[in-house]
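Asker: Handing you this structure, nothing more for now.
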Amino acid sequence: MTEAITGGYVVPVDGDPIDGGTVLMDGGRIVAVGPEADVDIPDGATLIDASGSWVLPGFIDAHAHLGVHEEGEGWSGNDTNEMTDPNGARFRAIDGIDPYEVGFDDALAGGVTSVVIKPGSGNPIGGQTVGVKTWGRTVLDMLFAEGISVKSALGENPKRIWGEQKKTPSTRLGVAAILREAFTKARNYAAQRDHALSEGKPHDVDLTLETLAKVLDGELYWDQHTHRADDIVTAVRLAEEFGYKLVVNHGTEGHLIADFLAERDVPVILGPLFTSRSKVEVRHRTLRSAGILARAGVKIAITTDHPVIPVNFLVYQAAIAVKEGLDPETALRSLTINPASILGLDDRIGALKPGLDADVVIWSGDPLDVMNRAMRVFVRGREVYHFDEATGEGVVADRRYRE
């Protein structure tokens, strides 16, 4: 079905805003974006009037635990950490996602249409991430990208979890050693595998080492949970030692070494920004960090780390970052095209651009003004959320199957 959103203030993100613009959607993809006079709307298309509103791509949270750490479910709904093996590269977040978790509805209310769901940070190597839309009946309906990255953790979390069990790693030395050993084994495994294949001989597949070999080959990004500046530097040293594609996650003290990160072109998925200074390694948390990193030349995305911060607060974090020195254009990019490009997803999401997924949000005004809200949300061209002004409540399209 062809739909045309017309008359709004269209913010493509990767181009200049268009006052009175049109976004044409068909088959779940964006077909055209431009001034109304330049977009040919076919006969029979459904017209959606966005006059007086802002039209933007759906926001992206590039570091969330939606569906694997369910709100209000306690231990039974928490599948974030498989803390039975320090090297969990074979574990996959997709295997623990509940599409009916209430957080997915909250995401839509906040204009978030895509999330990268990650295992937790209890292990030095936590597992594989997955990209899903925030609306769908099953995880297969929601899925848009597998094989994005592997989550890893440095700092307090893994040393505390395993130190309490009197097992390695109980120190930062031990965590780094686990990573080095894992990548050395993966490098040896890949060499032996490739040799066996070249000679037409069978070989045993090791799912853990196979995953890490993909990291070494550049097929998967390395999502490194790290807060303290010295841990961030350790993450960079390890990445340079083994040659994989590093993405710093959290980066709480990244602003202290912003020039170091910029010189090495290391991106940062920053946040959550609204937390208290709950542990030693976040004692230098500041709302000014986004602006400091961006001005230094670091590509940033902002995250809620849901459920640490509710996912619908994603845009509020960006708005407060603007108050504390981040320029508004970069703030919107940190919610859209930046997280997409940081994780190699910009061929699907992150902008209003022909060929990308038709994830579009109509806002009552500038989303960086906290008084504005998402009024209508489209995921792959389907309207899945609207705000009912009469009741003052958001309405999510029913996910359930009905005869």
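A note on labels: chains of the structure tokens are A, B, ... as shown, every chain counts residues from 1, and ligands are counted from 1 in their shown order.
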Tell me which protein, DNA and RNA residues are within 9 Å of A:Arg373, counting only C-alpha atoms, leaving out same-chain ones fewer than 5 positions away, and put them as a PDB file with N, CA, C and O atoms, in the first residue's frame.

Answerer:
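Now in around-v1.pdb:
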```
ATOM      1  N   ALA A 109       6.009   5.039  21.964  1.00  0.00           N
ATOM      2  CA  ALA A 109       5.554   6.325  22.497  1.00  0.00           C
ATOM      3  C   ALA A 109       6.673   7.355  22.472  1.00  0.00           C
ATOM      4  O   ALA A 109       6.409   8.567  22.389  1.00  0.00           O
ATOM      5  N   GLY A 110       7.914   6.906  22.534  1.00  0.00           N
ATOM      6  CA  GLY A 110       9.056   7.805  22.480  1.00  0.00           C
ATOM      7  C   GLY A 110       9.636   7.965  21.099  1.00  0.00           C
ATOM      8  O   GLY A 110      10.728   8.539  20.946  1.00  0.00           O
ATOM      9  N   GLY A 111       8.947   7.453  20.079  1.00  0.00           N
ATOM     10  CA  GLY A 111       9.420   7.595  18.706  1.00  0.00           C
ATOM     11  C   GLY A 111      10.569   6.677  18.344  1.00  0.00           C
ATOM     12  O   GLY A 111      11.227   6.870  17.325  1.00  0.00           O
ATOM     13  N   ILE A 362       5.701  11.114  13.131  1.00  0.00           N
ATOM     14  CA  ILE A 362       5.145  12.462  13.058  1.00  0.00           C
ATOM     15  C   ILE A 362       5.080  13.013  14.486  1.00  0.00           C
ATOM     16  O   ILE A 362       4.402  12.439  15.348  1.00  0.00           O
ATOM     17  N   TRP A 363       5.812  14.103  14.724  1.00  0.00           N
ATOM     18  CA  TRP A 363       5.878  14.739  16.040  1.00  0.00           C
ATOM     19  C   TRP A 363       5.010  15.992  16.062  1.00  0.00           C
ATOM     20  O   TRP A 363       4.828  16.658  15.033  1.00  0.00           O
ATOM     21  N   SER A 364       4.524  16.342  17.237  1.00  0.00           N
ATOM     22  CA  SER A 364       3.719  17.558  17.364  1.00  0.00           C
ATOM     23  C   SER A 364       4.548  18.806  17.128  1.00  0.00           C
ATOM     24  O   SER A 364       4.008  19.882  16.861  1.00  0.00           O
ATOM     25  N   GLY A 365       5.862  18.693  17.224  1.00  0.00           N
ATOM     26  CA  GLY A 365       6.784  19.796  16.987  1.00  0.00           C
ATOM     27  C   GLY A 365       8.202  19.279  17.097  1.00  0.00           C
ATOM     28  O   GLY A 365       8.438  18.066  16.997  1.00  0.00           O
ATOM     29  N   ASP A 366       9.138  20.159  17.330  1.00  0.00           N
ATOM     30  CA  ASP A 366      10.537  19.779  17.486  1.00  0.00           C
ATOM     31  C   ASP A 366      10.671  18.758  18.613  1.00  0.00           C
ATOM     32  O   ASP A 366      10.338  19.045  19.769  1.00  0.00           O
ATOM     33  N   PRO A 367      11.163  17.536  18.325  1.00  0.00           N
ATOM     34  CA  PRO A 367      11.243  16.516  19.377  1.00  0.00           C
ATOM     35  C   PRO A 367      12.223  16.871  20.494  1.00  0.00           C
ATOM     36  O   PRO A 367      12.148  16.292  21.582  1.00  0.00           O
ATOM     37  N   PHE A 387      -1.161   8.867  19.192  1.00  0.00           N
ATOM     38  CA  PHE A 387      -1.539   9.469  20.458  1.00  0.00           C
ATOM     39  C   PHE A 387      -2.960   9.985  20.338  1.00  0.00           C
ATOM     40  O   PHE A 387      -3.282  10.782  19.451  1.00  0.00           O
TER      41      PHE A 387
END
```

Asker: Which residues, written as number ranges by chain, have at least one atom at most 6 Å from A:Gly297, with only C-alpha atoms counted and residues fewer than 2 positions away on the same chain left out?

Answerer: A: 262, 294-295

Asker: Using 10 Å as the limit and counting only C-alpha atoms, can you tabulate each residue of stretch 326-380 of chain A that touches stretch 148-172 of chain A, with its shortest atom-to-atom distance in Å and the two atoms involved, as JSON lines?

Answerer:
```
{"residue": "A:Leu343", "atom": "CA", "partner": "A:Ile148", "partner_atom": "CA", "distance": 6.8}
{"residue": "A:Gly344", "atom": "CA", "partner": "A:Ile148", "partner_atom": "CA", "distance": 7.8}
{"residue": "A:Leu345", "atom": "CA", "partner": "A:Ile148", "partner_atom": "CA", "distance": 8.5}
```

Asker: Give me, as a list in words, all polymer residues having an atom no more than 10 Å from A:Arg400, counting only C-alpha atoms and skipping those fewer than 4 positions away in the same chain.

Answerer: Tyr100, Gly136, Arg137 and Thr138 of chain A

Asker: Restrict the calculation to only C-alpha atoms, then for each residue of stretch 77-106 of chain A with any atom at most 12 Å from an atom of stretch 121-124 of chain A give the closest atom pair and their distance in Å to one decimal, rows by chain and rising residue number, as a Markdown table.

Answerer:
```
| residue | atom | partner | partner_atom | distance |
| --- | --- | --- | --- | --- |
| A:Asp79 | CA | A:Gly122 | CA | 11.7 |
| A:Thr80 | CA | A:Ser121 | CA | 8.4 |
| A:Asn81 | CA | A:Gly122 | CA | 6.1 |
| A:Glu82 | CA | A:Asn123 | CA | 7.9 |
| A:Met83 | CA | A:Asn123 | CA | 6.2 |
| A:Thr84 | CA | A:Asn123 | CA | 8.6 |
| A:Asp85 | CA | A:Asn123 | CA | 7.3 |
| A:Pro86 | CA | A:Asn123 | CA | 4.9 |
| A:Asn87 | CA | A:Pro124 | CA | 6.4 |
| A:Gly88 | CA | A:Asn123 | CA | 7.2 |
| A:Ala89 | CA | A:Pro124 | CA | 9.6 |
| A:Phe91 | CA | A:Asn123 | CA | 11.2 |
```

Asker: If we count only C-alpha atoms, what is near A:Ala190 at a cut-off of 9 Å, once residues fewer than 5 positions away on the same chain are taken out, given as a ChimeraX atom specification?

Answerer: /A:185,195,209-210,213

Asker: List the neighbours of A:Gly77 out to 10 Å using only C-alpha atoms; skip same-chain residues closer than 3 positions along the sequence, and give me the result as a list in words.

Answerer: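 The contact residues come out as Gly67, Val68, His69, Glu70, Glu71, Gly72, Glu73, Gly74, Thr80, Gly96, Ile97, Asp98 and Glu101 of chain A.
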
Asker: Can I get the selected residues back with N, CA, C and O atoms, as a compact mmCIF listing (two decimals), in the first residue's frame?

Answerer:
```txt
# COMPACT_ATOMS: atom_id res chain seq x y z
N GLY A 67 13.06 -6.73 26.03
CA GLY A 67 12.64 -8.09 25.76
C GLY A 67 13.49 -9.16 26.40
O GLY A 67 13.02 -10.28 26.59
N VAL A 68 14.75 -8.85 26.73
CA VAL A 68 15.58 -9.82 27.43
C VAL A 68 15.72 -9.47 28.91
O VAL A 68 16.10 -10.32 29.72
N HIS A 69 15.45 -8.22 29.26
CA HIS A 69 15.37 -7.80 30.67
C HIS A 69 14.05 -7.08 30.83
O HIS A 69 13.95 -5.86 30.71
N GLU A 70 13.00 -7.87 31.08
CA GLU A 70 11.64 -7.35 31.08
C GLU A 70 11.34 -6.60 32.37
O GLU A 70 11.69 -7.02 33.45
N GLU A 71 10.64 -5.48 32.20
CA GLU A 71 10.25 -4.70 33.36
C GLU A 71 9.14 -5.40 34.14
O GLU A 71 8.23 -5.98 33.55
N GLY A 72 9.23 -5.34 35.45
CA GLY A 72 8.18 -5.87 36.30
C GLY A 72 8.10 -7.39 36.36
O GLY A 72 7.13 -7.95 36.87
N GLU A 73 9.11 -8.08 35.83
CA GLU A 73 9.06 -9.53 35.77
C GLU A 73 10.06 -10.20 36.71
O GLU A 73 10.07 -11.42 36.84
N GLY A 74 10.94 -9.42 37.34
CA GLY A 74 11.92 -10.02 38.25
C GLY A 74 12.83 -10.99 37.54
O GLY A 74 13.12 -10.87 36.35
N THR A 80 19.29 -11.46 30.54
CA THR A 80 20.34 -10.61 29.99
C THR A 80 21.72 -11.23 30.09
O THR A 80 22.53 -11.09 29.17
N GLY A 96 16.35 -14.82 23.71
CA GLY A 96 15.68 -14.49 24.96
C GLY A 96 14.68 -13.36 24.87
O GLY A 96 14.19 -12.88 25.90
N ILE A 97 14.32 -12.93 23.66
CA ILE A 97 13.46 -11.75 23.50
C ILE A 97 11.98 -12.10 23.58
O ILE A 97 11.50 -12.99 22.88
N ASP A 98 11.26 -11.37 24.45
CA ASP A 98 9.80 -11.47 24.53
C ASP A 98 9.20 -10.26 23.83
O ASP A 98 9.27 -9.14 24.36
N GLU A 101 6.88 -7.71 25.79
CA GLU A 101 7.33 -6.91 26.93
C GLU A 101 6.83 -5.48 26.78
O GLU A 101 6.87 -4.90 25.68
```

Asker: What are the DSSP strand (DSSP E) residues of stretch 4-172 of chain A, as an MDAnalysis selection string?

Answerer: chainID A and resid 4:10 18:26 29:35 46:49 54:57 59:64 112:117 125:128 130:133 143:145 149:153
